[in-house]
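Peer 1: Sharing structure.cif (mmCIF, C-alpha atoms and all ligand atoms) below.
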```
data_run
#
loop_
_atom_site.label_atom_id
_atom_site.label_comp_id
_atom_site.auth_asym_id
_atom_site.auth_seq_id
_atom_site.Cartn_x
_atom_site.Cartn_y
_atom_site.Cartn_z
CA MET X 1 -20.37 -26.49 8.19
CA SER X 2 -18.95 -27.86 4.91
CA PRO X 3 -15.48 -29.44 4.97
CA LEU X 4 -12.26 -27.45 4.57
CA PRO X 5 -11.03 -27.29 0.95
CA ASN X 6 -8.22 -29.78 0.40
CA PRO X 7 -5.97 -28.99 -1.36
CA ILE X 8 -6.42 -25.24 -1.13
CA GLU X 9 -6.75 -23.68 -4.60
CA SER X 10 -4.76 -20.57 -5.49
CA PRO X 11 -6.95 -17.67 -4.29
CA ALA X 12 -8.28 -14.98 -6.62
CA GLU X 13 -7.08 -11.42 -6.12
CA ARG X 14 -9.27 -9.37 -3.77
CA GLY X 15 -9.26 -5.64 -3.37
CA TYR X 16 -10.75 -2.65 -1.70
CA GLY X 17 -9.98 0.85 -2.96
CA ARG X 18 -6.24 1.26 -3.53
CA VAL X 19 -5.41 -1.91 -1.56
CA SER X 20 -5.46 -5.48 -2.81
CA ILE X 21 -4.09 -8.90 -1.89
CA ARG X 22 -3.17 -11.77 -4.17
CA GLU X 23 -1.19 -14.96 -3.73
CA VAL X 24 2.57 -14.49 -3.82
CA ARG X 25 4.12 -15.48 -7.20
CA GLY X 26 7.60 -16.51 -8.26
CA LYS X 27 8.00 -13.19 -10.07
CA ASP X 28 7.43 -11.32 -6.75
CA ALA X 29 10.64 -12.84 -5.36
CA ALA X 30 12.93 -10.01 -6.47
CA ILE X 31 10.74 -7.16 -5.20
CA LEU X 32 10.05 -8.93 -1.89
CA ARG X 33 13.75 -9.55 -1.35
CA ARG X 34 14.51 -5.91 -2.17
CA LEU X 35 11.83 -4.65 0.24
CA LEU X 36 13.06 -7.00 2.98
CA THR X 37 16.62 -5.78 2.50
CA GLU X 38 15.69 -2.09 2.40
CA ASN X 39 13.47 -2.51 5.47
CA ARG X 40 15.83 -4.71 7.50
CA GLU X 41 16.08 -2.31 10.45
CA TRP X 42 12.33 -1.68 10.40
CA LEU X 43 11.42 -5.38 10.38
CA GLN X 44 14.14 -6.98 12.52
CA PRO X 45 12.54 -6.28 15.96
CA TRP X 46 9.39 -8.18 14.88
CA GLU X 47 10.98 -10.97 12.85
CA ALA X 48 10.54 -14.62 13.95
CA THR X 49 13.87 -16.37 14.61
CA PHE X 50 15.09 -19.92 15.18
CA PRO X 51 15.48 -20.75 18.90
CA GLY X 52 18.75 -22.58 18.18
CA GLY X 53 20.22 -19.56 16.37
CA GLY X 54 21.12 -19.36 12.72
CA GLY X 55 17.90 -17.66 11.59
CA ALA X 56 18.01 -15.68 8.35
CA THR X 57 18.35 -11.90 8.34
CA PRO X 58 15.43 -10.38 6.37
CA GLY X 59 16.33 -10.27 2.66
CA SER X 60 19.56 -12.24 3.03
CA GLN X 61 18.33 -15.34 1.17
CA PRO X 62 17.17 -15.93 -2.42
CA PHE X 63 13.39 -15.64 -2.30
CA ARG X 64 12.27 -17.92 -5.16
CA PRO X 65 12.73 -21.13 -3.10
CA VAL X 66 10.81 -19.40 -0.29
CA VAL X 67 7.92 -18.69 -2.68
CA ARG X 68 7.94 -22.32 -3.84
CA SER X 69 7.71 -23.50 -0.25
CA MET X 70 4.81 -21.07 0.32
CA HIS X 71 2.96 -22.69 -2.61
CA ARG X 72 3.68 -26.15 -1.17
CA GLN X 73 2.23 -24.96 2.15
CA ARG X 74 -0.98 -23.97 0.37
CA ARG X 75 -1.26 -27.23 -1.54
CA SER X 76 -0.80 -29.19 1.68
CA GLY X 77 -3.51 -27.12 3.37
CA ASN X 78 -1.25 -25.44 5.96
CA GLY X 79 -1.38 -21.82 4.87
CA VAL X 80 -1.70 -19.21 2.14
CA THR X 81 0.77 -16.37 1.57
CA PHE X 82 -0.34 -13.13 -0.06
CA VAL X 83 1.41 -10.00 -1.20
CA MET X 84 -0.19 -6.71 -0.23
CA LEU X 85 -0.49 -4.20 -3.06
CA LEU X 86 -1.07 -0.47 -3.02
CA ASP X 87 -2.16 0.92 -6.40
CA GLY X 88 -1.04 -2.39 -7.93
CA GLN X 89 2.51 -2.23 -6.49
CA VAL X 90 3.78 -4.90 -4.10
CA VAL X 91 4.39 -3.23 -0.72
CA GLY X 92 4.36 -6.11 1.77
CA GLN X 93 3.38 -9.61 2.68
CA LEU X 94 0.53 -11.22 4.61
CA SER X 95 0.28 -14.84 5.61
CA VAL X 96 -2.60 -16.99 6.76
CA SER X 97 -0.70 -19.76 8.52
CA ASP X 98 -0.99 -22.65 10.96
CA ILE X 99 -4.34 -23.66 9.55
CA SER X 100 -5.91 -26.22 11.89
CA ALA X 101 -8.77 -28.33 10.62
CA GLY X 102 -10.85 -30.76 12.70
CA ALA X 103 -12.69 -29.27 15.64
CA LEU X 104 -10.54 -26.12 15.65
CA ARG X 105 -10.82 -24.57 12.16
CA SER X 106 -8.48 -21.78 13.15
CA ALA X 107 -5.51 -19.96 11.60
CA SER X 108 -3.06 -17.15 12.41
CA ILE X 109 -2.40 -14.03 10.38
CA GLY X 110 0.96 -12.27 10.22
CA TYR X 111 2.06 -9.27 8.12
CA TRP X 112 4.66 -6.65 7.30
CA ILE X 113 4.75 -3.69 4.95
CA SER X 114 7.50 -1.49 3.62
CA ARG X 115 8.13 1.58 5.75
CA HIS X 116 7.63 3.92 2.76
CA VAL X 117 3.88 3.17 2.76
CA ALA X 118 3.33 2.91 6.55
CA GLY X 119 0.42 4.78 8.05
CA GLN X 120 -1.85 4.70 4.98
CA GLY X 121 -4.17 1.98 6.27
CA VAL X 122 -2.85 -0.64 3.86
CA THR X 123 -2.51 -3.41 6.46
CA PRO X 124 -5.94 -3.08 8.11
CA ALA X 125 -7.61 -3.24 4.67
CA ALA X 126 -5.45 -6.20 3.61
CA VAL X 127 -6.14 -8.09 6.85
CA ALA X 128 -9.89 -7.47 6.45
CA LEU X 129 -9.71 -8.87 2.90
CA ALA X 130 -7.73 -11.89 4.14
CA ILE X 131 -10.12 -12.64 7.02
CA ASP X 132 -13.12 -12.43 4.69
CA TYR X 133 -11.32 -14.84 2.34
CA ALA X 134 -10.46 -17.22 5.21
CA PHE X 135 -14.05 -17.37 6.46
CA ALA X 136 -15.71 -17.54 3.02
CA GLU X 137 -13.28 -19.65 0.98
CA LEU X 138 -11.25 -21.64 3.52
CA ARG X 139 -14.36 -22.08 5.69
CA LEU X 140 -12.41 -21.36 8.86
CA HIS X 141 -14.16 -20.48 12.10
CA ARG X 142 -11.53 -18.40 13.89
CA ILE X 143 -8.58 -16.16 13.04
CA GLU X 144 -6.00 -14.97 15.53
CA ILE X 145 -3.28 -12.34 15.44
CA CYS X 146 -0.55 -12.33 18.09
CA ILE X 147 1.43 -9.15 18.68
CA ARG X 148 4.32 -8.14 20.92
CA PRO X 149 3.09 -5.63 23.53
CA GLU X 150 5.78 -3.19 22.35
CA ASN X 151 4.47 -3.16 18.77
CA SER X 152 2.15 -0.17 18.97
CA ALA X 153 1.69 0.08 15.18
CA SER X 154 0.48 -3.53 14.92
CA LEU X 155 -1.73 -3.12 18.00
CA ARG X 156 -3.41 -0.24 16.14
CA VAL X 157 -4.11 -2.58 13.21
CA VAL X 158 -6.14 -5.03 15.35
CA GLN X 159 -7.78 -2.14 17.18
CA LYS X 160 -8.97 -0.66 13.86
CA LEU X 161 -10.35 -4.08 12.91
CA GLY X 162 -12.08 -4.50 16.27
CA LEU X 163 -10.50 -7.86 17.03
CA ARG X 164 -11.29 -9.27 20.47
CA TYR X 165 -8.48 -9.29 23.04
CA GLU X 166 -7.94 -12.80 24.39
CA GLY X 167 -5.02 -12.32 26.74
CA ARG X 168 -1.26 -12.47 27.04
CA ARG X 169 0.78 -15.48 25.96
CA GLU X 170 4.03 -15.44 27.89
CA ARG X 171 7.29 -16.24 26.07
CA TYR X 172 5.11 -17.32 23.13
CA ILE X 173 7.19 -16.78 19.96
CA HIS X 174 10.94 -16.56 19.38
CA ILE X 175 11.39 -13.08 17.91
CA ASP X 176 14.61 -11.23 17.15
CA GLY X 177 16.65 -13.77 19.12
CA LYS X 178 14.55 -14.19 22.26
CA TRP X 179 11.29 -15.65 23.55
CA CYS X 180 8.75 -12.83 23.56
CA ASP X 181 5.38 -12.33 25.22
CA HIS X 182 2.50 -11.73 22.82
CA GLU X 183 -0.97 -10.26 23.13
CA SER X 184 -3.51 -12.49 21.42
CA PHE X 185 -6.45 -11.08 19.46
CA ALA X 186 -9.09 -13.11 17.64
CA VAL X 187 -12.32 -13.06 15.72
CA THR X 188 -14.76 -15.87 14.98
CA VAL X 189 -17.08 -15.95 12.02
CA GLU X 190 -20.20 -15.35 14.16
CA GLU X 191 -18.81 -11.93 15.15
CA VAL X 192 -18.62 -10.63 11.59
CA LYS X 193 -21.69 -11.90 9.80
CA ARG X 194 -21.44 -9.06 7.25
CA GLY X 195 -17.67 -9.40 6.86
CA MET X 196 -14.56 -7.63 8.11
CA LEU X 197 -14.47 -5.09 5.28
CA GLU X 198 -17.82 -3.78 6.36
CA ARG X 199 -16.64 -3.65 9.96
CA LEU X 200 -13.71 -1.56 8.79
CA GLY X 201 -16.17 0.86 7.30
CA ALA X 202 -15.82 -0.19 3.70
CA PRO X 203 -18.98 -0.52 1.64
CA THR X 204 -19.40 -4.10 0.37
CA THR X 205 -21.04 -4.90 -2.93
C1 LIG Z 1 2.45 -3.10 11.84
C2 LIG Z 1 2.36 -2.66 10.39
C3 LIG Z 1 2.13 -3.88 9.51
C4 LIG Z 1 1.17 -1.66 10.27
O1 LIG Z 1 0.92 -1.43 8.89
P1 LIG Z 1 0.25 -0.06 8.32
O2 LIG Z 1 -0.22 -0.40 6.96
O3 LIG Z 1 1.18 1.06 8.48
O4 LIG Z 1 -0.98 0.15 9.30
P2 LIG Z 1 -1.77 1.53 9.55
O5 LIG Z 1 -1.69 2.41 8.37
O6 LIG Z 1 -3.09 1.14 10.08
O7 LIG Z 1 -0.93 2.23 10.71
C5 LIG Z 1 -0.91 1.67 12.01
C6 LIG Z 1 -0.15 2.58 12.96
O8 LIG Z 1 1.22 2.66 12.59
C7 LIG Z 1 1.75 3.91 13.08
N1 LIG Z 1 2.40 4.62 11.97
C8 LIG Z 1 1.86 5.39 11.03
N2 LIG Z 1 2.80 5.86 10.18
C9 LIG Z 1 3.96 5.34 10.59
C10 LIG Z 1 5.29 5.46 10.12
N3 LIG Z 1 5.60 6.18 9.05
N4 LIG Z 1 6.25 4.78 10.78
C11 LIG Z 1 5.94 4.05 11.85
N5 LIG Z 1 4.69 3.88 12.36
C12 LIG Z 1 3.72 4.54 11.73
C13 LIG Z 1 0.60 4.73 13.62
O9 LIG Z 1 0.56 4.53 15.03
C14 LIG Z 1 -0.60 4.02 12.97
O10 LIG Z 1 -1.77 4.17 13.73
P3 LIG Z 1 -2.75 5.43 13.37
O11 LIG Z 1 -3.30 5.16 11.99
O12 LIG Z 1 -3.77 5.39 14.45
O13 LIG Z 1 -1.90 6.68 13.39
C15 LIG Z 1 3.67 -1.95 9.93
O14 LIG Z 1 3.94 -0.93 10.86
C16 LIG Z 1 4.86 -2.90 9.83
O15 LIG Z 1 5.03 -3.59 8.86
N6 LIG Z 1 5.70 -2.93 10.88
C17 LIG Z 1 6.89 -3.78 10.91
C18 LIG Z 1 6.57 -5.28 10.92
C19 LIG Z 1 5.54 -5.64 11.96
O16 LIG Z 1 5.46 -5.06 13.04
N7 LIG Z 1 4.70 -6.65 11.65
C20 LIG Z 1 3.65 -7.09 12.54
C21 LIG Z 1 4.14 -8.05 13.56
S1 LIG Z 1 2.80 -8.52 14.64
#
```
In structure tokens, how does this file's structure come out?
Peer 2:
Amino acid sequence: MSPLPNPIESPAERGYGRVSIREVRGKDAAILRRLLTENREWLQPWEATFPGGGGATPGSQPFRPVVRSMHRQRRSGNGVTFVMLLDGQVVGQLSVSDISAGALRSASIGYWISRHVAGQGVTPAAVALAIDYAFAELRLHRIEICIRPENSASLRVVQKLGLRYEGRRERYIHIDGKWCDHESFAVTVEEVKRGMLERLGAPTT
């Protein structure tokens, strides 16, 4: 296996049908902040929080510094943050984070979309695009997605993608003010030789 790219270059936009992903840009800050604010109630139950308290409410902070820190994360090889687009409009965010090199070559994926486009299959397509990018361009070996057992919509996303269930992680992530159990799902590159998009049923070219 060739070495991990270091630093990670800004990824090219990737798309399938009406859905695409591209790296978050400074000019996305306003729309992301607006979507976070409008969707506060929708996102809050699934939002990571600081164990010591004082975490930010979705949309309450200026987003440009957040985007700059996302770009720093990419340059330092820790993660890549994408926006999800439907028909070219930003509708949510997807992050490939906690990239581990060495003998692990693994990363986590997290995501949210605006409620007004929920249920149209945007997230499964975007996650498939991101996993294909992570295996092909970042040369990772494994991707995991951890989901609260109560989050039936997100559990459907990994089910549609056919990710393998690995088990429950108790009190794993601090979410919405408390330590929450998570179900862990994963895929390694050997399982999707023809790519995740194809597994999702999308023709690849
Ligand atoms: C989880 C989430 C990203 C799924 O995105 P999506 O693009 O709607 O995904 P899908 O279109 O595949 O829909 C998944 C499921 O959501 C549910 N759903 C559909 N429309 C919905 C709506 N309007 N409102 C709520 N849930 C809906 C359905 O159960 C659907 O499964 P189905 O297609 O078998 O009916 C999105 O619900 C979301 O952002 N939720 C809040 C944040 C969050 O939970 N992030 C993930 C943390 S692990």
Peer 1: Could you tell me how far CA of Thr81 in chain X sits from CA of Phe63 in chain X, in Å to one decimal place?
Peer 2: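 It comes out at 13.2 Å.
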Peer 1: Would you kindly return, as a PyMOL selection string, each protein, DNA or RNA residue with an atom no farther than 9 Å from any atom of Arg64 in chain X, considering only C-alpha atoms and excluding same-chain residues fewer than 3 positions away?
Peer 2: chain X and resi 25-30+67-69
Peer 1: Would you list the residues that come within 6 Å of ligand LIG 1 (chain Z)? Count only C-alpha atoms and all ligand atoms and give the answer as a PDB file with C-alpha atoms, in the coordinates of the input.
Peer 2:
```pdb
ATOM      1  CA  TRP X  42      12.330  -1.680  10.400  1.00  0.00           C
ATOM      2  CA  LEU X  43      11.420  -5.380  10.380  1.00  0.00           C
ATOM      3  CA  TRP X  46       9.390  -8.180  14.880  1.00  0.00           C
ATOM      4  CA  TYR X 111       2.060  -9.270   8.120  1.00  0.00           C
ATOM      5  CA  TRP X 112       4.660  -6.650   7.300  1.00  0.00           C
ATOM      6  CA  ILE X 113       4.750  -3.690   4.950  1.00  0.00           C
ATOM      7  CA  ALA X 118       3.330   2.910   6.550  1.00  0.00           C
ATOM      8  CA  GLY X 119       0.420   4.780   8.050  1.00  0.00           C
ATOM      9  CA  GLN X 120      -1.850   4.700   4.980  1.00  0.00           C
ATOM     10  CA  GLY X 121      -4.170   1.980   6.270  1.00  0.00           C
ATOM     11  CA  VAL X 122      -2.850  -0.640   3.860  1.00  0.00           C
ATOM     12  CA  THR X 123      -2.510  -3.410   6.460  1.00  0.00           C
ATOM     13  CA  PRO X 124      -5.940  -3.080   8.110  1.00  0.00           C
ATOM     14  CA  ILE X 147       1.430  -9.150  18.680  1.00  0.00           C
ATOM     15  CA  ALA X 153       1.690   0.080  15.180  1.00  0.00           C
ATOM     16  CA  SER X 154       0.480  -3.530  14.920  1.00  0.00           C
ATOM     17  CA  ARG X 156      -3.410  -0.240  16.140  1.00  0.00           C
ATOM     18  CA  VAL X 157      -4.110  -2.580  13.210  1.00  0.00           C
TER      19      VAL X 157
END
```
Peer 1: Counting only C-alpha atoms, figure out which residue out of X:Arg22, X:Arg139, X:His174, X:Arg169 gets nearest to Glu47 in chain X.
Peer 2: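 The answer is X:His174, which sits nearest to Glu47 in chain X.
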Peer 1: Rounded to one decimal, what separation in Å do you get between CA of Glu190 in chain X and CA of Phe135 in chain X?
Peer 2: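 If I compute the distance from CA of Glu190 in chain X to CA of Phe135 in chain X, I get 10.1 Å.
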Peer 1: Hey, which of X:Tyr133, X:Phe185, X:Tyr165, X:Trp179 ends up closest to Cys146 in chain X? Count only C-alpha atoms.
Peer 2: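 Counting only C-alpha atoms, the residue closest to Cys146 in chain X is X:Phe185.
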Peer 1: Would you please work out which residue, of X:Glu13, X:Val187, X:Arg148, X:Gln73, is nearest to Glu166 in chain X when using all atoms listed in the file?
Peer 2: X:Val187
Peer 1: Considering only C-alpha atoms, can you say which of X:Leu140, X:Asn151, X:Val117, X:Gly88 comes closest to Leu104 in chain X?
Peer 2: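 Result for the nearest residue to Leu104 in chain X: X:Leu140.
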Peer 1: In Å, with one decimal, what is the gap from CA of Val19 in chain X to CA of Gly162 in chain X?
Peer 2: 19.2 Å
Peer 1: Which polymer residues have any atom within 8 Å of an atom of Arg105 in chain X, counting only C-alpha atoms, with same-chain residues fewer than 2 positions away left out, as a PyMOL selection string?
Peer 2: chain X and resi 99-103+107+139-142
Peer 1: Which residues, protein or nucleic acid, reach to within 12 Å of (10.9, -10.2, 5.4) in the file's coordinates when using all atoms listed in the file, and can you give that as a PyMOL selection string?
Peer 2: chain X and resi 29+31-49+55-63+66+83+91-95+110-114
Peer 1: So, counting only C-alpha atoms, which residue among X:Ser97, X:Thr188, X:Phe50, X:Val127 is closest to Asp176 in chain X?
Peer 2: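 The shortest atom-to-atom distance to Asp176 in chain X comes from X:Phe50.
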Peer 1: Ranking X:Ala12, X:Val80, X:Leu4, X:Ile21 by minimum distance to Leu129 in chain X and counting only C-alpha atoms, which one comes first?
Peer 2: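 The answer is X:Ile21, which sits nearest to Leu129 in chain X.
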Peer 1: Around the point (-7.1, -10.6, 22.4), in the coordinates given by the file, pick out the residues reaching within 8 Å, counting all atoms listed in the file, and return them as a list in words.
Peer 2: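 Residues with an atom close enough to that point: Leu163, Arg164, Tyr165, Glu166, Gly167, Arg168, Glu183, Ser184, Phe185 and Ala186 of chain X.
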Peer 1: List as a VMD selection string the protein and nucleic acid residues near range 74-78 of chain X, meaning an atom at most 7 Å away when all atoms listed in the file are counted, but skip any in the same chain fewer than 4 places from it.
Peer 2: chain X and resid 6 to 8 70 97 to 99
Peer 1: Kindly save the residues from that selection, with C-alpha atoms included, as a PDB file, in the coordinates of the input.
Peer 2:
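Written out: part.pdb:
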```pdb
ATOM      1  CA  ASN X   6      -8.220 -29.780   0.400  1.00  0.00           C
ATOM      2  CA  PRO X   7      -5.970 -28.990  -1.360  1.00  0.00           C
ATOM      3  CA  ILE X   8      -6.420 -25.240  -1.130  1.00  0.00           C
ATOM      4  CA  MET X  70       4.810 -21.070   0.320  1.00  0.00           C
ATOM      5  CA  SER X  97      -0.700 -19.760   8.520  1.00  0.00           C
ATOM      6  CA  ASP X  98      -0.990 -22.650  10.960  1.00  0.00           C
ATOM      7  CA  ILE X  99      -4.340 -23.660   9.550  1.00  0.00           C
TER       8      ILE X  99
END
```
Peer 1: Please write a file for range 32-47 of chain X, taken from the block I just shared, that holds N, CA and C atoms and is laid out as a CSV table (one decimal), in the first residue's frame.
Peer 2:
```csv
chain,number,residue,atom,x,y,z
X,32,LEU,N,-24.0,27.8,5.8
X,32,LEU,CA,-23.9,26.8,6.8
X,32,LEU,C,-24.5,27.3,8.1
X,33,ARG,N,-24.1,28.5,8.4
X,33,ARG,CA,-24.6,29.1,9.7
X,33,ARG,C,-26.1,29.2,9.7
X,34,ARG,N,-26.6,29.7,8.6
X,34,ARG,CA,-28.1,29.8,8.5
X,34,ARG,C,-28.8,28.5,8.6
X,35,LEU,N,-28.2,27.4,7.9
X,35,LEU,CA,-28.8,26.1,8.0
X,35,LEU,C,-28.8,25.6,9.4
X,36,LEU,N,-27.6,25.8,10.1
X,36,LEU,CA,-27.5,25.3,11.4
X,36,LEU,C,-28.5,26.0,12.4
X,37,THR,N,-28.7,27.3,12.2
X,37,THR,CA,-29.6,28.0,13.0
X,37,THR,C,-31.0,27.6,12.7
X,38,GLU,N,-31.4,27.5,11.5
X,38,GLU,CA,-32.8,27.1,11.1
X,38,GLU,C,-33.1,25.6,11.6
X,39,ASN,N,-32.0,24.8,11.6
X,39,ASN,CA,-32.2,23.4,12.0
X,39,ASN,C,-31.8,23.0,13.4
X,40,ARG,N,-31.7,24.1,14.2
X,40,ARG,CA,-31.2,23.8,15.6
X,40,ARG,C,-31.9,22.7,16.3
X,41,GLU,N,-33.2,22.7,16.3
X,41,GLU,CA,-34.0,21.7,17.0
X,41,GLU,C,-33.8,20.3,16.4
X,42,TRP,N,-33.6,20.3,15.1
X,42,TRP,CA,-33.5,19.0,14.4
X,42,TRP,C,-32.1,18.4,14.7
X,43,LEU,N,-31.1,19.3,14.9
X,43,LEU,CA,-29.7,18.8,15.0
X,43,LEU,C,-29.3,18.6,16.4
X,44,GLN,N,-29.9,19.4,17.3
X,44,GLN,CA,-29.4,19.4,18.7
X,44,GLN,C,-29.3,18.0,19.4
X,45,PRO,N,-30.3,17.0,19.2
X,45,PRO,CA,-30.1,15.7,19.9
X,45,PRO,C,-28.9,14.9,19.4
X,46,TRP,N,-28.3,15.3,18.3
X,46,TRP,CA,-27.2,14.5,17.7
X,46,TRP,C,-25.9,15.2,17.7
X,47,GLU,N,-25.9,16.4,18.3
X,47,GLU,CA,-24.8,17.3,18.3
X,47,GLU,C,-23.7,17.0,19.3
```
